[in-house]
Structure formats: C-alpha cells, structure tokens
Amino acid sequence: SLVELGAPSSTARGMAPGLDSLEGKKVFLVDVGFANSDNFMARLHEWFEGNQPSIDTEVVRWRDQHAPDPELCERIKADGDAAIIGVGT
C-alpha cells in the first residue's frame with residue numbers, strides 16, 4: 001500500500017452529491033496551474049457566459065498545484081454551489 005511506502009493515510013469521503021441543475025447557481029472554475037488549465041477555464045467561462053448566462057461562473061486559481069489550498073476550498077464551500085476543476089493538457 002502507499003501508506004507502507006510512507007505516504008500519509010487519508011479517509012476517502014467520496015464525491016459531493018450532484019445538483020439537479022446548475023440554473024441560478026454559482027460555479028467556481030478552478031485553474032489548478034497545470035499547462036493550459038488557465039486557457040481551458042477561460043474558454044469554459046466564456047462558454048457559460050454565452051450559452052448559459054443564468055449560471056454564475058468565476059475562474060479562480062489554486063495557490064500551489066502540489067499542495068492543498070484550504071482558503072480557496074473554504075471560499076468555494078461558503079460561496080459556491082459547485083466547482084469544476086481543470087487540469088489542462
């Protein structure tokens with residue numbers, strides 16, 4: 001196991017329940033900093049604005065792609081209804 005190799009143990013919580021609709025919701029588009037994820041999130045934001053204007057989207061940047069970003073996670077949890085994580089190419 002990875003724990004036996006020195007990786008920290010963790011408890012899986014599973015995914016959050018899905019929403020019935022994004023209509024009228026706030027969706028954070030999270031750029032995690034990998035190559036082209038910023039471009040992907042910008043294009044996705046443009047698509048939502050042009051095709052689904054009732055869905056409020058905001059592009060945000062993960063502080064360090066190799067470390068947790070608890071402040072951003074708390075902001076998304078407090079202010080958002082959903083998040084889309086973009087990993088780039």
# chains A, B, ... in the order shown; residues from 1 in each chain; ligands from 1

$ residues_around --residues "A:Glu23" --least-positions-apart "2" --cutoff "8 Å" --atoms "only C-alpha atoms" --output "PDB file with N, CA, C and O atoms, in the first residue's frame"
ATOM      1  N   SER A  21     -29.644  20.726 -11.168  1.00  0.00           N
ATOM      2  CA  SER A  21     -29.483  21.733 -12.212  1.00  0.00           C
ATOM      3  C   SER A  21     -28.443  22.750 -11.767  1.00  0.00           C
ATOM      4  O   SER A  21     -28.251  22.964 -10.570  1.00  0.00           O
ATOM      5  N   LYS A  25     -27.152  28.899 -10.209  1.00  0.00           N
ATOM      6  CA  LYS A  25     -26.119  28.509  -9.251  1.00  0.00           C
ATOM      7  C   LYS A  25     -24.808  29.244  -9.514  1.00  0.00           C
ATOM      8  O   LYS A  25     -24.580  29.794 -10.579  1.00  0.00           O
ATOM      9  N   SER A  54     -27.490  32.262 -17.014  1.00  0.00           N
ATOM     10  CA  SER A  54     -28.106  32.193 -15.681  1.00  0.00           C
ATOM     11  C   SER A  54     -27.211  31.460 -14.678  1.00  0.00           C
ATOM     12  O   SER A  54     -27.489  31.465 -13.481  1.00  0.00           O
ATOM     13  N   ILE A  55     -26.138  30.845 -15.176  1.00  0.00           N
ATOM     14  CA  ILE A  55     -25.179  30.165 -14.308  1.00  0.00           C
ATOM     15  C   ILE A  55     -24.019  31.130 -14.078  1.00  0.00           C
ATOM     16  O   ILE A  55     -23.337  31.535 -15.006  1.00  0.00           O
TER      17      ILE A  55
END

$ closest_residue --among "A:Thr57, A:Leu19, A:Lys26, A:Trp62" --to "A:Val87" --atoms "only C-alpha atoms"
A:Trp62

$ select_by_dssp --residues "chain A" --states "alpha helix (DSSP H)" --output "list in words"
Ser37, Asp38, Asn39, Phe40, Met41, Ala42, Arg43, Leu44, His45, Glu46, Trp47, Phe48, Glu49, Gly50, Asn51, Pro70, Glu71, Leu72, Cys73, Glu74, Arg75, Ile76, Lys77, Ala78 and Asp79 of chain A

$ write_last_selection --atoms "N, CA, C and O atoms" --output "mmCIF file, in the first residue's frame"
data_model
loop_
_atom_site.group_PDB
_atom_site.id
_atom_site.type_symbol
_atom_site.label_atom_id
_atom_site.label_comp_id
_atom_site.auth_asym_id
_atom_site.auth_seq_id
_atom_site.Cartn_x
_atom_site.Cartn_y
_atom_site.Cartn_z
ATOM 1 N N SER A 37 -4.401 24.901 -18.218
ATOM 2 C CA SER A 37 -5.660 24.876 -17.469
ATOM 3 C C SER A 37 -6.249 26.284 -17.370
ATOM 4 O O SER A 37 -7.471 26.442 -17.344
ATOM 5 N N ASP A 38 -5.387 27.310 -17.365
ATOM 6 C CA ASP A 38 -5.899 28.681 -17.346
ATOM 7 C C ASP A 38 -6.674 28.984 -18.625
ATOM 8 O O ASP A 38 -7.757 29.574 -18.583
ATOM 9 N N ASN A 39 -6.154 28.550 -19.772
ATOM 10 C CA ASN A 39 -6.845 28.757 -21.048
ATOM 11 C C ASN A 39 -8.153 27.981 -21.099
ATOM 12 O O ASN A 39 -9.169 28.490 -21.564
ATOM 13 N N PHE A 40 -8.132 26.745 -20.618
ATOM 14 C CA PHE A 40 -9.337 25.924 -20.610
ATOM 15 C C PHE A 40 -10.421 26.566 -19.752
ATOM 16 O O PHE A 40 -11.580 26.676 -20.159
ATOM 17 N N MET A 41 -10.055 27.022 -18.558
ATOM 18 C CA MET A 41 -11.036 27.632 -17.663
ATOM 19 C C MET A 41 -11.567 28.946 -18.243
ATOM 20 O O MET A 41 -12.760 29.234 -18.127
ATOM 21 N N ALA A 42 -10.713 29.733 -18.894
ATOM 22 C CA ALA A 42 -11.167 30.978 -19.523
ATOM 23 C C ALA A 42 -12.168 30.681 -20.631
ATOM 24 O O ALA A 42 -13.203 31.351 -20.750
ATOM 25 N N ARG A 43 -11.893 29.662 -21.447
ATOM 26 C CA ARG A 43 -12.814 29.292 -22.534
ATOM 27 C C ARG A 43 -14.120 28.749 -21.973
ATOM 28 O O ARG A 43 -15.202 29.039 -22.491
ATOM 29 N N LEU A 44 -14.032 27.961 -20.922
ATOM 30 C CA LEU A 44 -15.237 27.421 -20.299
ATOM 31 C C LEU A 44 -16.088 28.555 -19.723
ATOM 32 O O LEU A 44 -17.317 28.568 -19.883
ATOM 33 N N HIS A 45 -15.435 29.516 -19.086
ATOM 34 C CA HIS A 45 -16.135 30.694 -18.554
ATOM 35 C C HIS A 45 -16.851 31.443 -19.683
ATOM 36 O O HIS A 45 -18.026 31.808 -19.551
ATOM 37 N N GLU A 46 -16.162 31.654 -20.801
ATOM 38 C CA GLU A 46 -16.766 32.320 -21.960
ATOM 39 C C GLU A 46 -17.964 31.540 -22.475
ATOM 40 O O GLU A 46 -18.987 32.127 -22.846
ATOM 41 N N TRP A 47 -17.833 30.207 -22.513
ATOM 42 C CA TRP A 47 -18.944 29.384 -22.994
ATOM 43 C C TRP A 47 -20.162 29.559 -22.093
ATOM 44 O O TRP A 47 -21.277 29.753 -22.585
ATOM 45 N N PHE A 48 -19.974 29.478 -20.783
ATOM 46 C CA PHE A 48 -21.090 29.655 -19.859
ATOM 47 C C PHE A 48 -21.727 31.034 -20.044
ATOM 48 O O PHE A 48 -22.958 31.149 -20.079
ATOM 49 N N GLU A 49 -20.922 32.085 -20.154
ATOM 50 C CA GLU A 49 -21.473 33.429 -20.342
ATOM 51 C C GLU A 49 -22.313 33.534 -21.606
ATOM 52 O O GLU A 49 -23.360 34.170 -21.608
ATOM 53 N N GLY A 50 -21.850 32.902 -22.691
ATOM 54 C CA GLY A 50 -22.554 32.996 -23.965
ATOM 55 C C GLY A 50 -23.718 32.037 -24.115
ATOM 56 O O GLY A 50 -24.659 32.324 -24.860
ATOM 57 N N ASN A 51 -23.674 30.896 -23.424
ATOM 58 C CA ASN A 51 -24.678 29.857 -23.632
ATOM 59 C C ASN A 51 -25.566 29.572 -22.423
ATOM 60 O O ASN A 51 -26.660 29.052 -22.587
ATOM 61 N N PRO A 70 -6.437 25.317 1.421
ATOM 62 C CA PRO A 70 -7.619 25.329 2.292
ATOM 63 C C PRO A 70 -8.431 26.614 2.227
ATOM 64 O O PRO A 70 -9.655 26.580 2.346
ATOM 65 N N GLU A 71 -7.776 27.752 2.001
ATOM 66 C CA GLU A 71 -8.519 29.012 1.922
ATOM 67 C C GLU A 71 -9.463 29.011 0.716
ATOM 68 O O GLU A 71 -10.621 29.413 0.814
ATOM 69 N N LEU A 72 -8.960 28.564 -0.432
ATOM 70 C CA LEU A 72 -9.807 28.516 -1.623
ATOM 71 C C LEU A 72 -10.919 27.490 -1.434
ATOM 72 O O LEU A 72 -12.073 27.746 -1.802
ATOM 73 N N CYS A 73 -10.610 26.354 -0.857
ATOM 74 C CA CYS A 73 -11.643 25.335 -0.613
ATOM 75 C C CYS A 73 -12.754 25.887 0.273
ATOM 76 O O CYS A 73 -13.936 25.658 0.008
ATOM 77 N N GLU A 74 -12.391 26.625 1.305
ATOM 78 C CA GLU A 74 -13.393 27.219 2.189
ATOM 79 C C GLU A 74 -14.224 28.260 1.451
ATOM 80 O O GLU A 74 -15.442 28.356 1.654
ATOM 81 N N ARG A 75 -13.583 29.052 0.595
ATOM 82 C CA ARG A 75 -14.324 30.054 -0.186
ATOM 83 C C ARG A 75 -15.325 29.385 -1.110
ATOM 84 O O ARG A 75 -16.487 29.815 -1.209
ATOM 85 N N ILE A 76 -14.887 28.337 -1.795
ATOM 86 C CA ILE A 76 -15.788 27.615 -2.698
ATOM 87 C C ILE A 76 -16.944 27.015 -1.905
ATOM 88 O O ILE A 76 -18.107 27.094 -2.314
ATOM 89 N N LYS A 77 -16.632 26.423 -0.775
ATOM 90 C CA LYS A 77 -17.661 25.812 0.067
ATOM 91 C C LYS A 77 -18.662 26.850 0.564
ATOM 92 O O LYS A 77 -19.868 26.610 0.582
ATOM 93 N N ALA A 78 -18.164 28.031 0.964
ATOM 94 C CA ALA A 78 -19.028 29.075 1.516
ATOM 95 C C ALA A 78 -19.833 29.814 0.453
ATOM 96 O O ALA A 78 -21.001 30.145 0.681
ATOM 97 N N ASP A 79 -19.212 30.082 -0.692
ATOM 98 C CA ASP A 79 -19.826 30.973 -1.685
ATOM 99 C C ASP A 79 -20.337 30.278 -2.936
ATOM 100 O O ASP A 79 -20.978 30.922 -3.766
#

$ atom_distance --atom1 "atom CA of A:Arg61" --atom2 "atom CA of A:Val32"
6.0 Å

$ residues_around --residues "A:Val60" --least-positions-apart "4" --cutoff "7 Å" --atoms "only C-alpha atoms" --output "VMD selection string"
chain A and resid 28 to 31

$ atom_distance --atom1 "atom CA of A:Gly86" --atom2 "atom CA of A:Glu58"
12.8 Å

$ closest_residue --among "A:Leu22, A:Gly6, A:Arg13, A:Gln65" --to "A:Phe34" --atoms "only C-alpha atoms"
A:Gln65

$ select_by_dssp --residues "chain A" --states "strand (DSSP E)" --output "list in words"
Lys26, Val27, Phe28, Leu29, Val30, Asp31, Asp56, Thr57, Glu58, Val59, Val60, Arg61, Ala82, Ala83, Ile84, Ile85 and Gly86 of chain A

$ atom_distance --atom1 "atom CA of A:Val27" --atom2 "atom CA of A:Ser10"
26.9 Å
